[in-house]
Amino acid sequence: MSERNLNFNEIINRKDTDCLKYDFALRRGLPEDVLPLWVADMDFKTSSYIEDALKQRVEHGIFGYSESRDRYFNALSSWMKRHHDWDIDRRWLIKTPGVVFALAMAVKAFTEVGDAVLIQQPVYYPFSEVIEDNKRRIVSNDLILGDDERYYIDFDDFEKKIIENDIRLFLLCNPHNPSGRVFKREELEKIGNICLKHKVIVVSDEIHNDFDFYGKHTVFANIKKEFADISITCTSASKTFNLASMLISNILIPDQKLRRTFKAEVNAAGISQLSVLGLVATEAAYTYGDEWYFAMKEYVKANIEYVRDYVEKELPGVKMVRGEGTYLVWLDFRGTGINAEELDRRIIYEAKLWLDSGKIFGKTGAGFQRINVATPRSILEECLRRIKDVL
């Protein structure tokens, strides 16, 4: 058997497949004919090995309660070792229906109503939602956009916010969504040492950990044991292999006390066994998916570089934030002189594009747009031409 799904230029019609990305524009208040490059899922077929594994399981015809066995953990641990040089222990693993669910469980498990939770805006908007929806308070150590179009951490403000707000929980996003920053080891060490000093638990969302184009992703918990003892690492095959609807994530918690507390909250939410198809797909991805993964990653990297060149040559006043990871591009339109509301209007109603408006990532995101570039090049080219036309 060989990998079949390596034609990333193929345009696949996703309409009328109950696809959140393509079928719900009207319900979300947008024109029906918008071209969607918003939510973080790919327009590529996943690995054919995953397809074959799912077909084989479906043909069995029985879909009762299911649980993972040794081969599932072995596939996960092998992937983490091969791609991230991280040796994991099976005792650390708690499976959840998704990373956002895990973030919410951590907020409930390790804070009380009214407590402050630290994030770094602009950041993936469910971070704010799981805090506010659980009646906690958002505190942001805003990332600083440098003259080199890269985001940086203000470490003095980071510690100041922890002290002033009695922070006990920090939600780290690395690789960072939406900016694409892959934080360097020394940056993570500074964060970790401050959190150790002030007894802050770190929930590290590393769902984009397999997208590191110009360096090496560093697992926060793998830097040193002291960091592992305060960390909850959230991973999933869903971004890497386009499996979001399979509803399965792998949450790794080395410290026994943290693990028990987190697990108790998951149990209280009524979660026990997860989707058998999610288990099958994840196991197949981590066992057989390397060829597809490397090919997809190179295609996405080329798309990112294409966007950078196009922005520099064709979109005066627009800057592309320089990230090192994810398949999400963060464009800064503030230099065009168009305010955030007018920008959104032009993007949606004139360009007929469905992107993610920067303002949903926090107040520091106003004037930005996030574009998902995990799509065939021809679709990306059309998106950029439409942006050029409305500017």
# chains A, B, ... in the order shown; residues from 1 in each chain; ligands from 1
call {"tool": "residues_around", "arguments": {"residues": "A:Phe183", "least_positions_apart": "4", "cutoff": "8 Å", "atoms": "only C-alpha atoms", "output": "VMD selection string"}}
result
chain A and resid 174 to 176 187 to 188 217 to 218
call {"tool": "select_by_dssp", "arguments": {"residues": "stretch 29-177 of chain A", "states": "helix (DSSP H, G or I)", "output": "ChimeraX atom specification"}}
result
/A:48-60,70-84,90-92,99-110,126-132,155-165
call {"tool": "closest_residue", "arguments": {"among": "A:Gln369, A:Asn177, A:Asn134, A:Gln120", "to": "A:Lys161", "atoms": "only C-alpha atoms"}}
result
A:Gln120
call {"tool": "residues_around", "arguments": {"residues": "A:Arg4", "least_positions_apart": "4", "cutoff": "9 Å", "atoms": "only C-alpha atoms", "output": "NGL selection string"}}
result
:A and (47-49 or 292)
call {"tool": "write_last_selection", "arguments": {"atoms": "all heavy atoms", "output": "short mmCIF file (atom, residue, chain, number, x, y, z; two decimals), in the first residue's frame"}}
result
data_model
loop_
_atom_site.label_atom_id
_atom_site.label_comp_id
_atom_site.auth_asym_id
_atom_site.auth_seq_id
_atom_site.Cartn_x
_atom_site.Cartn_y
_atom_site.Cartn_z
N SER A 47 -4.50 11.72 4.77
CA SER A 47 -3.71 10.57 4.32
C SER A 47 -4.61 9.40 3.90
O SER A 47 -5.58 9.07 4.58
CB SER A 47 -2.78 10.12 5.44
OG SER A 47 -2.23 8.85 5.17
N SER A 48 -4.25 8.75 2.81
CA SER A 48 -5.03 7.59 2.35
C SER A 48 -4.95 6.44 3.34
O SER A 48 -5.85 5.59 3.39
CB SER A 48 -4.54 7.15 0.97
OG SER A 48 -3.18 6.77 1.01
N TYR A 49 -3.89 6.39 4.13
CA TYR A 49 -3.80 5.35 5.17
C TYR A 49 -4.91 5.54 6.21
O TYR A 49 -5.46 4.56 6.75
CB TYR A 49 -2.44 5.39 5.85
CG TYR A 49 -1.31 4.87 5.00
CD1 TYR A 49 -0.54 5.72 4.22
CD2 TYR A 49 -1.01 3.51 4.97
CE1 TYR A 49 0.50 5.24 3.43
CE2 TYR A 49 0.03 3.02 4.19
CZ TYR A 49 0.78 3.89 3.43
OH TYR A 49 1.79 3.41 2.65
N TRP A 292 2.61 11.60 3.98
CA TRP A 292 1.61 12.62 3.70
C TRP A 292 1.93 13.91 4.47
O TRP A 292 1.86 15.01 3.91
CB TRP A 292 0.23 12.11 4.10
CG TRP A 292 -0.90 13.06 3.75
CD1 TRP A 292 -1.64 13.06 2.62
CD2 TRP A 292 -1.40 14.13 4.57
NE1 TRP A 292 -2.56 14.07 2.65
CE2 TRP A 292 -2.44 14.75 3.84
CE3 TRP A 292 -1.07 14.63 5.83
CZ2 TRP A 292 -3.16 15.83 4.33
CZ3 TRP A 292 -1.77 15.72 6.32
CH2 TRP A 292 -2.82 16.32 5.58
#
call {"tool": "closest_atom_pairs", "arguments": {"of": "stretch 33-103 of chain A", "to": "stretch 234-243 of chain A", "cutoff": "12 Å", "atoms": "only C-alpha atoms", "output": "JSON lines"}}
result
{"residue": "A:Val39", "atom": "CA", "partner": "A:Lys239", "partner_atom": "CA", "distance": 11.1}
{"residue": "A:Ala40", "atom": "CA", "partner": "A:Lys239", "partner_atom": "CA", "distance": 7.5}
{"residue": "A:Asp41", "atom": "CA", "partner": "A:Asn242", "partner_atom": "CA", "distance": 5.9}
{"residue": "A:Met42", "atom": "CA", "partner": "A:Asn242", "partner_atom": "CA", "distance": 5.9}
{"residue": "A:Asp43", "atom": "CA", "partner": "A:Asn242", "partner_atom": "CA", "distance": 8.5}
{"residue": "A:Phe44", "atom": "CA", "partner": "A:Asn242", "partner_atom": "CA", "distance": 7.8}
{"residue": "A:Lys45", "atom": "CA", "partner": "A:Asn242", "partner_atom": "CA", "distance": 8.0}
{"residue": "A:Thr46", "atom": "CA", "partner": "A:Phe241", "partner_atom": "CA", "distance": 5.7}
{"residue": "A:Ser47", "atom": "CA", "partner": "A:Phe241", "partner_atom": "CA", "distance": 7.2}
{"residue": "A:Ser48", "atom": "CA", "partner": "A:Phe241", "partner_atom": "CA", "distance": 10.7}
{"residue": "A:Tyr49", "atom": "CA", "partner": "A:Phe241", "partner_atom": "CA", "distance": 11.0}
{"residue": "A:Ile50", "atom": "CA", "partner": "A:Phe241", "partner_atom": "CA", "distance": 8.9}
{"residue": "A:Glu51", "atom": "CA", "partner": "A:Leu243", "partner_atom": "CA", "distance": 11.0}
{"residue": "A:Leu54", "atom": "CA", "partner": "A:Leu243", "partner_atom": "CA", "distance": 11.8}
{"residue": "A:Ala75", "atom": "CA", "partner": "A:Ala237", "partner_atom": "CA", "distance": 11.4}
{"residue": "A:Leu76", "atom": "CA", "partner": "A:Ala237", "partner_atom": "CA", "distance": 9.4}
{"residue": "A:Ser77", "atom": "CA", "partner": "A:Thr235", "partner_atom": "CA", "distance": 11.8}
{"residue": "A:Trp79", "atom": "CA", "partner": "A:Ala237", "partner_atom": "CA", "distance": 10.3}
{"residue": "A:Met80", "atom": "CA", "partner": "A:Thr235", "partner_atom": "CA", "distance": 10.0}
{"residue": "A:His84", "atom": "CA", "partner": "A:Thr235", "partner_atom": "CA", "distance": 11.9}
{"residue": "A:Trp92", "atom": "CA", "partner": "A:Cys234", "partner_atom": "CA", "distance": 11.5}
{"residue": "A:Leu93", "atom": "CA", "partner": "A:Cys234", "partner_atom": "CA", "distance": 10.1}
{"residue": "A:Ile94", "atom": "CA", "partner": "A:Cys234", "partner_atom": "CA", "distance": 9.8}
{"residue": "A:Lys95", "atom": "CA", "partner": "A:Ser236", "partner_atom": "CA", "distance": 9.5}
{"residue": "A:Thr96", "atom": "CA", "partner": "A:Cys234", "partner_atom": "CA", "distance": 9.6}
{"residue": "A:Pro97", "atom": "CA", "partner": "A:Ser236", "partner_atom": "CA", "distance": 9.9}
{"residue": "A:Gly98", "atom": "CA", "partner": "A:Ser236", "partner_atom": "CA", "distance": 7.7}
{"residue": "A:Val99", "atom": "CA", "partner": "A:Cys234", "partner_atom": "CA", "distance": 6.0}
{"residue": "A:Val100", "atom": "CA", "partner": "A:Cys234", "partner_atom": "CA", "distance": 9.1}
{"residue": "A:Phe101", "atom": "CA", "partner": "A:Cys234", "partner_atom": "CA", "distance": 10.2}
{"residue": "A:Ala102", "atom": "CA", "partner": "A:Cys234", "partner_atom": "CA", "distance": 7.4}
{"residue": "A:Leu103", "atom": "CA", "partner": "A:Cys234", "partner_atom": "CA", "distance": 8.4}
call {"tool": "write_last_selection", "arguments": {"atoms": "N, CA and C atoms", "output": "mmCIF file, in the first residue's frame"}}
result
data_model
loop_
_atom_site.group_PDB
_atom_site.id
_atom_site.type_symbol
_atom_site.label_atom_id
_atom_site.label_comp_id
_atom_site.auth_asym_id
_atom_site.auth_seq_id
_atom_site.Cartn_x
_atom_site.Cartn_y
_atom_site.Cartn_z
ATOM 1 N N VAL A 39 -11.865 29.273 9.240
ATOM 2 C CA VAL A 39 -11.634 28.280 10.290
ATOM 3 C C VAL A 39 -10.448 27.377 9.926
ATOM 4 N N ALA A 40 -9.727 26.941 10.950
ATOM 5 C CA ALA A 40 -8.467 26.217 10.731
ATOM 6 C C ALA A 40 -8.711 24.744 10.432
ATOM 7 N N ASP A 41 -9.265 24.482 9.252
ATOM 8 C CA ASP A 41 -9.186 23.129 8.722
ATOM 9 C C ASP A 41 -8.733 23.216 7.263
ATOM 10 N N MET A 42 -8.185 22.138 6.752
ATOM 11 C CA MET A 42 -7.554 22.136 5.441
ATOM 12 C C MET A 42 -8.548 21.755 4.353
ATOM 13 N N ASP A 43 -8.250 22.202 3.140
ATOM 14 C CA ASP A 43 -9.028 21.788 1.978
ATOM 15 C C ASP A 43 -8.372 20.622 1.249
ATOM 16 N N PHE A 44 -7.573 19.853 1.978
ATOM 17 C CA PHE A 44 -6.881 18.699 1.416
ATOM 18 C C PHE A 44 -7.511 17.405 1.935
ATOM 19 N N LYS A 45 -7.519 16.372 1.096
ATOM 20 C CA LYS A 45 -7.838 15.038 1.597
ATOM 21 C C LYS A 45 -6.747 14.603 2.561
ATOM 22 N N THR A 46 -7.143 13.937 3.616
ATOM 23 C CA THR A 46 -6.177 13.449 4.580
ATOM 24 C C THR A 46 -5.420 12.241 4.003
ATOM 25 N N SER A 47 -4.505 11.718 4.765
ATOM 26 C CA SER A 47 -3.714 10.570 4.319
ATOM 27 C C SER A 47 -4.608 9.402 3.904
ATOM 28 N N SER A 48 -4.254 8.753 2.809
ATOM 29 C CA SER A 48 -5.029 7.592 2.348
ATOM 30 C C SER A 48 -4.946 6.441 3.341
ATOM 31 N N TYR A 49 -3.895 6.386 4.135
ATOM 32 C CA TYR A 49 -3.804 5.351 5.171
ATOM 33 C C TYR A 49 -4.911 5.536 6.213
ATOM 34 N N ILE A 50 -5.221 6.794 6.509
ATOM 35 C CA ILE A 50 -6.307 7.072 7.445
ATOM 36 C C ILE A 50 -7.637 6.682 6.810
ATOM 37 N N GLU A 51 -7.828 7.042 5.548
ATOM 38 C CA GLU A 51 -9.052 6.643 4.836
ATOM 39 C C GLU A 51 -9.240 5.129 4.882
ATOM 40 N N LEU A 54 -10.197 3.803 8.331
ATOM 41 C CA LEU A 54 -11.585 4.111 8.663
ATOM 42 C C LEU A 54 -12.548 3.215 7.887
ATOM 43 N N ALA A 75 1.657 4.333 19.051
ATOM 44 C CA ALA A 75 1.696 5.207 17.877
ATOM 45 C C ALA A 75 1.898 6.653 18.292
ATOM 46 N N LEU A 76 1.174 7.088 19.321
ATOM 47 C CA LEU A 76 1.309 8.452 19.829
ATOM 48 C C LEU A 76 2.710 8.713 20.352
ATOM 49 N N SER A 77 3.219 7.817 21.173
ATOM 50 C CA SER A 77 4.540 8.029 21.776
ATOM 51 C C SER A 77 5.637 7.989 20.718
ATOM 52 N N TRP A 79 5.314 8.936 17.567
ATOM 53 C CA TRP A 79 5.242 10.215 16.850
ATOM 54 C C TRP A 79 5.918 11.323 17.654
ATOM 55 N N MET A 80 5.620 11.388 18.944
ATOM 56 C CA MET A 80 6.195 12.437 19.785
ATOM 57 C C MET A 80 7.714 12.306 19.874
ATOM 58 N N HIS A 84 9.316 15.260 17.940
ATOM 59 C CA HIS A 84 9.505 16.282 18.978
ATOM 60 C C HIS A 84 10.514 15.887 20.048
ATOM 61 N N TRP A 92 0.531 9.472 31.709
ATOM 62 C CA TRP A 92 0.251 10.907 31.567
ATOM 63 C C TRP A 92 -0.992 11.189 30.729
ATOM 64 N N LEU A 93 -1.422 10.223 29.941
ATOM 65 C CA LEU A 93 -2.406 10.476 28.883
ATOM 66 C C LEU A 93 -3.845 10.498 29.398
ATOM 67 N N ILE A 94 -4.539 11.584 29.068
ATOM 68 C CA ILE A 94 -5.986 11.689 29.231
ATOM 69 C C ILE A 94 -6.545 12.145 27.890
ATOM 70 N N LYS A 95 -7.453 11.382 27.321
ATOM 71 C CA LYS A 95 -8.034 11.749 26.033
ATOM 72 C C LYS A 95 -9.299 12.581 26.263
ATOM 73 N N THR A 96 -9.458 13.630 25.439
ATOM 74 C CA THR A 96 -10.643 14.489 25.532
ATOM 75 C C THR A 96 -11.229 14.673 24.138
ATOM 76 N N PRO A 97 -12.456 15.206 24.049
ATOM 77 C CA PRO A 97 -13.070 15.414 22.736
ATOM 78 C C PRO A 97 -12.445 16.561 21.937
ATOM 79 N N GLY A 98 -11.505 17.270 22.503
ATOM 80 C CA GLY A 98 -10.863 18.365 21.790
ATOM 81 C C GLY A 98 -9.989 19.175 22.720
ATOM 82 N N VAL A 99 -9.147 20.021 22.134
ATOM 83 C CA VAL A 99 -8.266 20.852 22.948
ATOM 84 C C VAL A 99 -9.043 21.973 23.635
ATOM 85 N N VAL A 100 -10.005 22.580 22.946
ATOM 86 C CA VAL A 100 -10.789 23.638 23.591
ATOM 87 C C VAL A 100 -11.535 23.090 24.803
ATOM 88 N N PHE A 101 -12.074 21.887 24.677
ATOM 89 C CA PHE A 101 -12.706 21.240 25.830
ATOM 90 C C PHE A 101 -11.701 21.088 26.967
ATOM 91 N N ALA A 102 -10.482 20.689 26.653
ATOM 92 C CA ALA A 102 -9.450 20.523 27.677
ATOM 93 C C ALA A 102 -9.101 21.857 28.334
ATOM 94 N N LEU A 103 -9.053 22.928 27.552
ATOM 95 C CA LEU A 103 -8.798 24.248 28.126
ATOM 96 C C LEU A 103 -9.889 24.605 29.133
#
call {"tool": "residues_around", "arguments": {"residues": "A:Asp156", "least_positions_apart": "2", "cutoff": "12 Å", "atoms": "only C-alpha atoms", "output": "list in words"}}
result
Asn141, Asp142, Leu143, Tyr152, Ile153, Asp154, Phe158, Glu159, Lys160, Lys161, Ile162, Ile163, Lys190, Ile191 and Ile194 of chain A
call {"tool": "write_last_selection", "arguments": {"atoms": "C-alpha atoms", "output": "PDB file, in the first residue's frame"}}
result
ATOM      1  CA  ASN A 141       0.077  39.883  28.719  1.00  0.00           C
ATOM      2  CA  ASP A 142      -0.252  41.402  25.250  1.00  0.00           C
ATOM      3  CA  LEU A 143       2.380  40.307  22.753  1.00  0.00           C
ATOM      4  CA  TYR A 152       7.646  39.188  21.242  1.00  0.00           C
ATOM      5  CA  ILE A 153       6.830  38.551  24.892  1.00  0.00           C
ATOM      6  CA  ASP A 154       7.044  41.408  27.409  1.00  0.00           C
ATOM      7  CA  PHE A 158       4.150  38.942  32.222  1.00  0.00           C
ATOM      8  CA  GLU A 159       5.440  38.725  35.788  1.00  0.00           C
ATOM      9  CA  LYS A 160       3.738  41.972  36.795  1.00  0.00           C
ATOM     10  CA  LYS A 161       0.356  40.703  35.642  1.00  0.00           C
ATOM     11  CA  ILE A 162       0.855  37.448  37.572  1.00  0.00           C
ATOM     12  CA  ILE A 163       1.669  39.280  40.795  1.00  0.00           C
ATOM     13  CA  LYS A 190      11.820  32.556  30.912  1.00  0.00           C
ATOM     14  CA  ILE A 191       8.078  31.934  30.973  1.00  0.00           C
ATOM     15  CA  ILE A 194       8.473  32.961  36.195  1.00  0.00           C
TER      16      ILE A 194
END
call {"tool": "closest_residue", "arguments": {"among": "A:Glu291, A:Ile347, A:Cys173, A:Glu265", "to": "A:Val34", "atoms": "only C-alpha atoms"}}
result
A:Ile347
